[in-house]
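For reference, the structure discussed in these notes is given below.
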Amino acid sequence: MNIFCQRINLSVAIVCMVNHTAVSVGRHTAFNQTSPSSGLNHSDFTSDGAKNLSTQTQLLSPLSGQLSDLGLVHGRSTVADTQETCGSAYSEQIHFQEDGTFVWDKETQGVLLGAIYWSYLTVQIPGNVLVRNVKKKTIILVSLTLMTSCTILVHGAALLSQWVVFCLRLIQGGCTALAMIALYGIWSKWAPPVERTGLLTVGLSGQMLGNIMAFPVSALLCKYGFLGGWPSVFYVFGLIGLVWLVFFCLFTEDSPEHHKYITPEERSYIMGSLKETEVHKHKVSQSNKVDYLIHPISELSFLRRSLLGESDSR
């Protein structure tokens, strides 16, 4: 759950971090600007629009008095009055709109959010090789320490550059992959075959629980948190990650054989059930080897009899 909370929190915090008004204005300005070869620019359209507005106002002026006499227009409402009213309403809307600090366009936001999945996918195969040769508890401790440190550093990294945040997200993705592979390895030593399905279901449900908790908690921290809101998202989840690391270090081992707090009955039950499974796997593999040797011999004998015209009756 801790892993997925730290992986998801940026998805909510980035909404509070980005100045969406500045991004929208920038995109609108870029859209309105045309190429130099066309010979048109925004000032041309502005002057043309002003001329058209003046012409429309002159045409509507003689009719305004007649419409007011009929009761259809109260007072002298003109296009300029309408523009003033709309402008004040728009200004009021902008005044109450809350925006963040960073002017990151949509493409940059997508790169930052997707960086963690790029490294997560890339580390899968080499991470599997590493987990086989290194103590799994050590891999989880190192990976989650790095991941938690990166979460705490996101605030300062964002103030420096979005690409520093990108590098931190890459590190978090690789750490997530290593930690998940090592966790599955630990489950293989702790879950008896009879109870493995239920234990894995409970353990892996923490992934969904982390996603469910991260979204509302991050939203509340963005709204009411310290340091302006969104920085508290990373500090709070980073602190939770550090506390989780302490408990993991104290109460987790690679196998029941080396655990300090497990009872002898539990240890004998888990290790005995796993040993029976290993014996069964060994017998199945030996029988498969015998089948691989017998089947080619019987097939060669059948082929010889077929070629020589021999029958089974002989």
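By order in the structure tokens, chains are A, B, ...; within a chain, residues start at 1; ligands start at 1, following the order shown.
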List as a PyMOL selection string the protein and nucleic acid residues near A:Thr108, meaning an atom at most 12 Å away when only C-alpha atoms are counted, but skip any in the same chain fewer than 6 places from it. chain A and resi 14+18+23+102+114-115+161-163+165-166
Could you dump the residues just selected with N, CA, C and O atoms as a PDB file, in the first residue's frame?
```
ATOM      1  N   ILE A  14      -0.228  17.269  -8.962  1.00  0.00           N
ATOM      2  CA  ILE A  14       0.122  18.061 -10.141  1.00  0.00           C
ATOM      3  C   ILE A  14      -1.022  18.994 -10.549  1.00  0.00           C
ATOM      4  O   ILE A  14      -0.789  20.035 -11.180  1.00  0.00           O
ATOM      5  N   VAL A  18       0.267  23.060 -11.059  1.00  0.00           N
ATOM      6  CA  VAL A  18       0.326  23.711 -12.366  1.00  0.00           C
ATOM      7  C   VAL A  18      -0.568  24.942 -12.386  1.00  0.00           C
ATOM      8  O   VAL A  18      -1.696  24.926 -11.862  1.00  0.00           O
ATOM      9  N   VAL A  23      -1.156  28.217 -18.599  1.00  0.00           N
ATOM     10  CA  VAL A  23      -1.013  27.220 -19.661  1.00  0.00           C
ATOM     11  C   VAL A  23      -2.066  27.434 -20.741  1.00  0.00           C
ATOM     12  O   VAL A  23      -1.781  27.389 -21.946  1.00  0.00           O
ATOM     13  N   PHE A 102       3.619  26.386 -11.342  1.00  0.00           N
ATOM     14  CA  PHE A 102       4.437  25.972 -12.478  1.00  0.00           C
ATOM     15  C   PHE A 102       3.640  26.022 -13.778  1.00  0.00           C
ATOM     16  O   PHE A 102       2.494  25.574 -13.840  1.00  0.00           O
ATOM     17  N   GLY A 114       4.108   9.779 -16.624  1.00  0.00           N
ATOM     18  CA  GLY A 114       4.420   8.487 -17.234  1.00  0.00           C
ATOM     19  C   GLY A 114       5.824   7.992 -16.988  1.00  0.00           C
ATOM     20  O   GLY A 114       6.116   6.827 -17.262  1.00  0.00           O
ATOM     21  N   ALA A 115       6.706   8.838 -16.450  1.00  0.00           N
ATOM     22  CA  ALA A 115       8.104   8.449 -16.272  1.00  0.00           C
ATOM     23  C   ALA A 115       8.249   7.245 -15.355  1.00  0.00           C
ATOM     24  O   ALA A 115       9.084   6.364 -15.593  1.00  0.00           O
ATOM     25  N   SER A 161      13.584  22.376 -11.451  1.00  0.00           N
ATOM     26  CA  SER A 161      13.238  22.123 -12.854  1.00  0.00           C
ATOM     27  C   SER A 161      12.303  20.924 -12.929  1.00  0.00           C
ATOM     28  O   SER A 161      12.356  20.023 -12.074  1.00  0.00           O
ATOM     29  N   GLN A 162      11.480  20.906 -13.951  1.00  0.00           N
ATOM     30  CA  GLN A 162      10.604  19.757 -14.147  1.00  0.00           C
ATOM     31  C   GLN A 162      11.389  18.509 -14.518  1.00  0.00           C
ATOM     32  O   GLN A 162      10.939  17.389 -14.270  1.00  0.00           O
ATOM     33  N   TRP A 163      12.573  18.687 -15.079  1.00  0.00           N
ATOM     34  CA  TRP A 163      13.373  17.531 -15.470  1.00  0.00           C
ATOM     35  C   TRP A 163      14.046  16.872 -14.271  1.00  0.00           C
ATOM     36  O   TRP A 163      14.380  15.695 -14.310  1.00  0.00           O
ATOM     37  N   VAL A 165      12.383  16.574 -11.462  1.00  0.00           N
ATOM     38  CA  VAL A 165      11.242  15.741 -11.055  1.00  0.00           C
ATOM     39  C   VAL A 165      11.159  14.501 -11.942  1.00  0.00           C
ATOM     40  O   VAL A 165      10.875  13.392 -11.461  1.00  0.00           O
ATOM     41  N   PHE A 166      11.417  14.661 -13.217  1.00  0.00           N
ATOM     42  CA  PHE A 166      11.398  13.525 -14.147  1.00  0.00           C
ATOM     43  C   PHE A 166      12.416  12.463 -13.723  1.00  0.00           C
ATOM     44  O   PHE A 166      12.109  11.254 -13.719  1.00  0.00           O
TER      45      PHE A 166
END
```
Which residues, written as a VMD selection string, have at least one atom at most 9 Å from stretch 256-271 of chain A, with only C-alpha atoms counted and residues fewer than 5 positions away on the same chain left out? chain A and resid 189 to 192 251 276
Now that the selection is made, can you save its residues with C-alpha atoms as a PDB file, in the first residue's frame?
```pdb
ATOM      1  CA  LYS A 189       8.953 -18.572   1.390  1.00  0.00           C
ATOM      2  CA  TRP A 190       6.181 -17.593   3.777  1.00  0.00           C
ATOM      3  CA  ALA A 191       2.883 -18.709   2.233  1.00  0.00           C
ATOM      4  CA  PRO A 192       1.982 -22.400   2.656  1.00  0.00           C
ATOM      5  CA  PHE A 251       9.240  -7.534  11.737  1.00  0.00           C
ATOM      6  CA  GLU A 276       6.434 -31.313   1.109  1.00  0.00           C
TER       7      GLU A 276
END
```
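In this model, the gap between atom CA of A:Leu209 and atom CA of A:Ile8 comes to 11.6 Å.
Atom CA of A:Lys106 sits 12.4 Å away from atom CA of A:Thr21.
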Using only C-alpha atoms, find each residue of stretch 212-276 of chain A with at least one atom at most 6 Å away from an atom of stretch 144-160 of chain A; report its shortest atom-to-atom pair and that distance in Å (one decimal), sort the rows by chain and rising residue number, and return the result as a tab-separated table.
```
residue	atom	partner	partner_atom	distance
A:Pro231	CA	A:His155	CA	5.6
A:Phe234	CA	A:Ile152	CA	5.4
A:Tyr235	CA	A:Ile152	CA	5.2
A:Gly238	CA	A:Thr148	CA	5.2
A:Gly241	CA	A:Thr148	CA	5.8
```
Convert the current residue selection to file output with N, CA and C atoms, as a short mmCIF file (atom, residue, chain, number, x, y, z; two decimals), in the first residue's frame.
```cif
data_model
loop_
_atom_site.label_atom_id
_atom_site.label_comp_id
_atom_site.auth_asym_id
_atom_site.auth_seq_id
_atom_site.Cartn_x
_atom_site.Cartn_y
_atom_site.Cartn_z
N PRO A 231 2.98 20.88 -1.53
CA PRO A 231 4.21 20.28 -0.98
C PRO A 231 3.95 19.31 0.16
N PHE A 234 3.78 15.40 -0.58
CA PHE A 234 5.00 14.60 -0.68
C PHE A 234 5.67 14.41 0.68
N TYR A 235 5.59 15.43 1.53
CA TYR A 235 6.20 15.29 2.86
C TYR A 235 5.42 14.32 3.73
N GLY A 238 5.94 10.82 2.37
CA GLY A 238 7.32 10.44 2.64
C GLY A 238 7.52 10.06 4.09
N GLY A 241 6.11 6.69 4.64
CA GLY A 241 7.03 5.70 4.10
C GLY A 241 8.19 5.40 5.04
#
```
Determine the nearest neighbour of A:Val129 from the options A:Val194, A:Asp99, A:Gly185, A:Val111, counting only C-alpha atoms. A:Gly185
Near A:Leu170, counting only C-alpha atoms, which residues have an atom at most 8 Å away, once you skip same-chain residues fewer than 5 positions from it, shown as a short mmCIF file (atom, residue, chain, number, x, y, z; two decimals) with C-alpha atoms, in the first residue's frame?
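Final output, saved to out.cif:
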```
data_model
loop_
_atom_site.label_atom_id
_atom_site.label_comp_id
_atom_site.auth_asym_id
_atom_site.auth_seq_id
_atom_site.Cartn_x
_atom_site.Cartn_y
_atom_site.Cartn_z
CA ALA A 115 8.10 8.45 -16.27
CA ILE A 116 7.56 6.09 -13.35
CA TYR A 117 6.00 3.46 -15.64
CA TRP A 118 8.82 3.65 -18.18
CA SER A 119 11.45 2.62 -15.64
CA TYR A 120 9.03 0.20 -13.97
#
```
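Nearest residue to A:Leu178 among A:Met17, A:Val246, A:Gly210, A:Ile3 is A:Ile3, counting only C-alpha atoms.
Of the residues under consideration (A:Val217, A:Leu204, A:Leu130, A:Pro193), A:Pro193 shows the shortest atom-to-atom contact distance to A:Lys275 when counting only C-alpha atoms.
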Taking the DSSP assignment computed from this structure's backbone, write out as a ChimeraX atom specification all residues of stretch 87-167 of chain A that belong to helix (DSSP H, G or I). /A:87-96,106-122,124-133,136-160,162-167
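Between atom CA of A:Asp105 and atom CA of A:Thr122 the interatomic distance comes to 26.1 Å.
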Between A:Gln6, A:Thr138, A:Gln124, A:Asn211, single out the one closest to A:Cys249, counting only C-alpha atoms. A:Thr138
